[in-house]
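Asks: Provided herewith: protein_0.pdb, PDB, C-alpha atoms, pLDDT in the B column.
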```
MODEL        1
ATOM      1  CA  MET R1281      -7.362  -7.038  -2.386  1.00 82.00           C
ATOM      2  CA  ASP R1282      -6.106 -10.552  -1.686  1.00 91.00           C
ATOM      3  CA  ARG R1283      -3.854 -12.014   0.995  1.00 94.00           C
ATOM      4  CA  LEU R1284      -0.372 -13.482   0.609  1.00 95.00           C
ATOM      5  CA  ARG R1285      -0.272 -16.907   2.230  1.00 95.00           C
ATOM      6  CA  GLN R1286       2.582 -18.935   0.718  1.00 96.00           C
ATOM      7  CA  ARG R1287       6.151 -18.677   1.968  1.00 96.00           C
ATOM      8  CA  ALA R1288       7.554 -18.309  -1.561  1.00 95.00           C
ATOM      9  CA  ASP R1289       5.477 -15.168  -2.068  1.00 95.00           C
ATOM     10  CA  PHE R1290       6.733 -13.665   1.200  1.00 96.00           C
ATOM     11  CA  LEU R1291      10.341 -14.426   0.213  1.00 96.00           C
ATOM     12  CA  ALA R1292       9.869 -12.844  -3.216  1.00 95.00           C
ATOM     13  CA  VAL R1293       8.516  -9.641  -1.658  1.00 95.00           C
ATOM     14  CA  ALA R1294      11.416  -9.568   0.832  1.00 95.00           C
ATOM     15  CA  ASP R1295      13.800  -9.006  -2.101  1.00 94.00           C
ATOM     16  CA  GLY R1296      11.882  -5.880  -3.157  1.00 93.00           C
ATOM     17  CA  ALA R1297      11.852  -2.306  -1.927  1.00 94.00           C
ATOM     18  CA  ARG R1298      11.168  -1.516   1.728  1.00 95.00           C
ATOM     19  CA  ALA R1299      10.171   1.449   3.856  1.00 96.00           C
ATOM     20  CA  ASN R1300      10.621   1.579   7.637  1.00 96.00           C
ATOM     21  CA  SER R1301       8.292   2.965  10.240  1.00 95.00           C
ATOM     22  CA  ALA R1302       8.286   2.880  14.026  1.00 96.00           C
ATOM     23  CA  ALA R1303       5.555   0.231  14.205  1.00 97.00           C
ATOM     24  CA  PHE R1304       6.204  -1.783  11.033  1.00 97.00           C
ATOM     25  CA  VAL R1305       8.256  -2.270   7.878  1.00 97.00           C
ATOM     26  CA  VAL R1306       6.511  -2.252   4.506  1.00 97.00           C
ATOM     27  CA  GLN R1307       8.033  -4.386   1.761  1.00 96.00           C
ATOM     28  CA  SER R1308       6.774  -4.255  -1.805  1.00 95.00           C
ATOM     29  CA  ARG R1309       7.312  -6.013  -5.113  1.00 94.00           C
ATOM     30  CA  ARG R1310       5.780  -5.318  -8.494  1.00 92.00           C
ATOM     31  CA  ARG R1311       4.379  -8.366 -10.304  1.00 90.00           C
ATOM     32  CA  ASP R1312       4.216  -8.974 -14.046  1.00 90.00           C
ATOM     33  CA  ASP R1313       0.727 -10.461 -14.024  1.00 90.00           C
ATOM     34  CA  SER R1314      -2.594  -8.625 -14.006  1.00 88.00           C
ATOM     35  CA  GLY R1315      -3.766  -9.949 -10.639  1.00 88.00           C
ATOM     36  CA  PRO R1316      -5.093  -7.886  -7.750  1.00 91.00           C
ATOM     37  CA  ILE R1317      -3.064  -6.231  -5.009  1.00 92.00           C
ATOM     38  CA  ARG R1318      -1.971  -8.832  -2.463  1.00 94.00           C
ATOM     39  CA  VAL R1319      -1.008  -8.074   1.131  1.00 96.00           C
ATOM     40  CA  GLY R1320       0.731 -10.262   3.696  1.00 97.00           C
ATOM     41  CA  PHE R1321       1.354  -9.764   7.408  1.00 97.00           C
ATOM     42  CA  THR R1322       4.105 -11.213   9.545  1.00 97.00           C
ATOM     43  CA  VAL R1323       5.284 -10.734  13.114  1.00 97.00           C
ATOM     44  CA  THR R1324       8.348 -12.531  14.472  1.00 96.00           C
ATOM     45  CA  LYS R1325       8.470 -14.331  17.813  1.00 97.00           C
ATOM     46  CA  LYS R1326      10.844 -11.761  19.273  1.00 96.00           C
ATOM     47  CA  ASN R1327       7.905  -9.330  19.380  1.00 96.00           C
ATOM     48  CA  GLY R1328       6.243 -11.076  22.294  1.00 95.00           C
ATOM     49  CA  THR R1329       3.858 -13.857  23.180  1.00 97.00           C
ATOM     50  CA  ALA R1330       1.379 -15.324  20.717  1.00 97.00           C
ATOM     51  CA  THR R1331      -1.365 -13.068  22.081  1.00 97.00           C
ATOM     52  CA  GLU R1332       0.728  -9.946  21.517  1.00 97.00           C
ATOM     53  CA  ARG R1333       1.803 -11.053  18.049  1.00 97.00           C
ATOM     54  CA  ASN R1334      -1.825 -11.697  17.089  1.00 97.00           C
ATOM     55  CA  ARG R1335      -2.819  -8.265  18.374  1.00 97.00           C
ATOM     56  CA  ILE R1336      -0.060  -6.653  16.273  1.00 97.00           C
ATOM     57  CA  ARG R1337      -1.217  -8.602  13.214  1.00 97.00           C
ATOM     58  CA  ARG R1338      -4.860  -7.587  13.794  1.00 97.00           C
ATOM     59  CA  ARG R1339      -3.877  -3.915  14.061  1.00 97.00           C
ATOM     60  CA  LEU R1340      -1.895  -4.147  10.810  1.00 97.00           C
ATOM     61  CA  ARG R1341      -4.809  -5.827   9.018  1.00 96.00           C
ATOM     62  CA  GLU R1342      -7.150  -3.080  10.186  1.00 95.00           C
ATOM     63  CA  LEU R1343      -4.725  -0.431   8.899  1.00 94.00           C
ATOM     64  CA  VAL R1344      -4.833  -1.939   5.422  1.00 94.00           C
ATOM     65  CA  LYS R1345      -8.639  -2.220   5.526  1.00 93.00           C
ATOM     66  CA  ARG R1346      -8.979   1.471   6.370  1.00 92.00           C
ATOM     67  CA  LEU R1347      -6.456   2.554   3.760  1.00 89.00           C
ATOM     68  CA  ASP R1348      -7.825   3.626   0.413  1.00 77.00           C
ATOM     69  CA  GLY R1349      -6.784   1.261  -2.377  1.00 71.00           C
ATOM     70  CA  ILE R1350      -5.454   4.169  -4.410  1.00 77.00           C
ATOM     71  CA  SER R1351      -2.378   4.374  -2.165  1.00 82.00           C
ATOM     72  CA  MET R1352      -1.218   0.939  -3.308  1.00 88.00           C
ATOM     73  CA  ARG R1353       0.099   0.201  -6.786  1.00 88.00           C
ATOM     74  CA  PRO R1354      -1.939  -2.258  -8.836  1.00 88.00           C
ATOM     75  CA  HIS R1355      -0.307  -5.602  -9.706  1.00 89.00           C
ATOM     76  CA  SER R1356       1.888  -5.439  -6.605  1.00 92.00           C
ATOM     77  CA  ASP R1357       2.501  -7.492  -3.485  1.00 94.00           C
ATOM     78  CA  TYR R1358       3.019  -5.909  -0.072  1.00 95.00           C
ATOM     79  CA  VAL R1359       4.186  -7.381   3.226  1.00 97.00           C
ATOM     80  CA  LEU R1360       3.823  -5.564   6.533  1.00 97.00           C
ATOM     81  CA  VAL R1361       6.343  -6.778   9.107  1.00 98.00           C
ATOM     82  CA  GLY R1362       5.057  -5.849  12.539  1.00 97.00           C
ATOM     83  CA  ARG R1363       7.212  -4.407  15.286  1.00 97.00           C
ATOM     84  CA  ARG R1364       6.556  -4.312  19.011  1.00 96.00           C
ATOM     85  CA  ALA R1365       5.767  -0.574  18.884  1.00 96.00           C
ATOM     86  CA  ALA R1366       2.577  -1.447  16.965  1.00 97.00           C
ATOM     87  CA  LEU R1367       1.014  -2.521  20.277  1.00 96.00           C
ATOM     88  CA  THR R1368       1.174   0.927  21.880  1.00 96.00           C
ATOM     89  CA  ARG R1369       1.375   3.360  18.964  1.00 97.00           C
ATOM     90  CA  ASP R1370      -1.688   5.508  18.292  1.00 97.00           C
ATOM     91  CA  PHE R1371      -3.782   4.023  15.482  1.00 96.00           C
ATOM     92  CA  ALA R1372      -4.210   7.322  13.591  1.00 95.00           C
ATOM     93  CA  THR R1373      -0.446   7.843  13.696  1.00 96.00           C
ATOM     94  CA  MET R1374       0.102   4.329  12.353  1.00 97.00           C
ATOM     95  CA  LEU R1375      -2.304   5.035   9.499  1.00 95.00           C
ATOM     96  CA  ASP R1376      -0.343   8.175   8.609  1.00 95.00           C
ATOM     97  CA  ASP R1377       2.889   6.160   8.850  1.00 96.00           C
ATOM     98  CA  LEU R1378       1.499   3.587   6.412  1.00 95.00           C
ATOM     99  CA  ARG R1379       0.443   6.259   3.912  1.00 94.00           C
ATOM    100  CA  SER R1380       3.889   7.853   4.199  1.00 94.00           C
ATOM    101  CA  ALA R1381       5.672   4.507   3.760  1.00 95.00           C
ATOM    102  CA  LEU R1382       3.632   3.674   0.654  1.00 93.00           C
ATOM    103  CA  HIS R1383       4.407   7.118  -0.771  1.00 93.00           C
ATOM    104  CA  ARG R1384       8.142   6.543  -0.164  1.00 94.00           C
ATOM    105  CA  LEU R1385       7.900   3.162  -1.896  1.00 92.00           C
ATOM    106  CA  GLU R1386       6.305   4.849  -4.918  1.00 87.00           C
ATOM    107  CA  ARG R1387       9.344   7.096  -5.257  1.00 87.00           C
ATOM    108  CA  GLN R1388      11.897   4.288  -4.872  1.00 79.00           C
ATOM    109  CA  PRO R1389      13.225   2.769  -8.080  1.00 71.00           C
ATOM    110  CA  SER R1390      12.542  -0.928  -8.517  1.00 61.00           C
ATOM    111  CA  LYS R1391      15.399  -3.218  -7.523  1.00 60.00           C
ATOM    112  CA  GLN R1392      17.088  -4.885 -10.464  1.00 52.00           C
ATOM    113  CA  PRO R1393      17.541  -8.662 -10.373  1.00 52.00           C
ATOM    114  CA  ASN R1394      21.305  -8.212 -10.844  1.00 50.00           C
ATOM    115  CA  SER R1395      21.982  -6.402  -7.607  1.00 48.00           C
ATOM    116  CA  SER R1396      25.460  -5.310  -6.604  1.00 47.00           C
ATOM    117  CA  ARG R1397      25.610  -8.170  -4.098  1.00 51.00           C
ATOM    118  CA  SER R1398      25.063 -10.822  -6.794  1.00 50.00           C
ATOM    119  CA  GLN R1399      27.579  -9.091  -9.082  1.00 49.00           C
ATOM    120  CA  THR R1400      30.143  -9.143  -6.268  1.00 48.00           C
ATOM    121  CA  GLN R1401      29.475 -12.835  -5.646  1.00 50.00           C
ATOM    122  CA  ALA R1402      29.880 -13.572  -9.351  1.00 46.00           C
ATOM    123  CA  ALA R1403      33.165 -11.645  -9.453  1.00 47.00           C
ATOM    124  CA  ASN R1404      34.445 -13.592  -6.442  1.00 50.00           C
ATOM    125  CA  ARG R1405      33.662 -16.902  -8.166  1.00 51.00           C
ATOM    126  CA  ILE R1406      35.629 -15.880 -11.255  1.00 56.00           C
ATOM    127  CA  GLU R1407      38.765 -15.099  -9.245  1.00 52.00           C
TER     128      GLU R1407
ENDMDL
END
```
Translate this structure into structure tokens?
Replies:
Amino acid sequence: MDRLRQRADFLAVADGARANSAAFVVQSRRRDDSGPIRVGFTVTKKNGTATERNRIRRRLRELVKRLDGISMRPHSDYVLVGRRAALTRDFATMLDDLRSALHRLERQPSKQPNSSRSQTQAANRIE
């Protein structure tokens, strides 16, 4: 399992499917290459001071380490967006939340590149 580090990769995953939890949001995107699973972590400044944000990020990284790789789809990218609740939420509960979120992502259909929003924008340009 590799890490996502470049902004372009994070932005590409943000356009994919997402599943919400109390302590984090999981975003996923299927890739066309045969590379390994890649995971990225992000926590916005509104979640607290740098120390708190780092603690949230560390907890999210540990969740992914303890998760079995079978739960994640091969050839996919995942981003965990931390929320403030990740500081106080029980770790075992967060692990169950992550498993549940990944299971919900499995059942979601992949987003098509021609989303309804882009079709609406194209229709507005024609008029």
Asks: If we count all atoms listed in the file and set the cut-off at 9 Å, which residues sit around segment 1342-1351 of chain R, ignoring sequence neighbours fewer than 5 positions away in its own chain? Please answer as a list in words.
Replies: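 The neighbour list is Met1281, Ile1317, Val1319, Arg1337, Phe1371, Met1374, Leu1375, Leu1378, Arg1379, Leu1382 and His1383 of chain R.
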Asks: Within 7 Å of Gly1362 of chain R, counting all atoms listed in the file, which residues show up once you throw out same-chain ones fewer than 6 positions away? Write them as JSON, numbers by chain, please.
Replies: {"R": [1303, 1304, 1305, 1322, 1323, 1336, 1337]}
Asks: Return the single residue from R:Arg1283, R:Arg1309, R:Arg1353, R:Arg1364 that is closest to Asp1295 of chain R, with distances computed using only C-alpha atoms.
Replies: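 Looking at the shortest contact to Asp1295 of chain R, the residue is R:Arg1309.
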Asks: Please write as number ranges by chain the full residue list that the PyMOL selection byres ((chain R and resi 1292) around 12) yields on this file.
Replies: R: 1284, 1286-1291, 1293-1297, 1307-1311, 1320, 1356-1359, 1391, 1393
Asks: Go ahead and compute the interatomic distance for atom CA of Ala1366 of chain R and atom CA of Arg1335 of chain R, in Å to one decimal.
Replies: 8.8 Å
Asks: Between atom CA of Lys1325 of chain R and atom CA of Arg1369 of chain R, what distance in Å does the model show, to one decimal?
Replies: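 Answer for the atom CA of Lys1325 of chain R to atom CA of Arg1369 of chain R separation: 19.1 Å.
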Asks: Within 9 Å of Thr1324 of chain R, counting only C-alpha atoms, which residues qualify if same-chain residues fewer than 3 places away don't, as an MDAnalysis selection string?
Replies: chainID R and resid 1327:1328 1333 1361:1363
Asks: What does the distance from atom CA of Leu1367 of chain R to atom CA of Arg1387 of chain R come to in Å, to one decimal?
Replies: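 Separating atom CA of Leu1367 of chain R from atom CA of Arg1387 of chain R is a distance of 28.5 Å.
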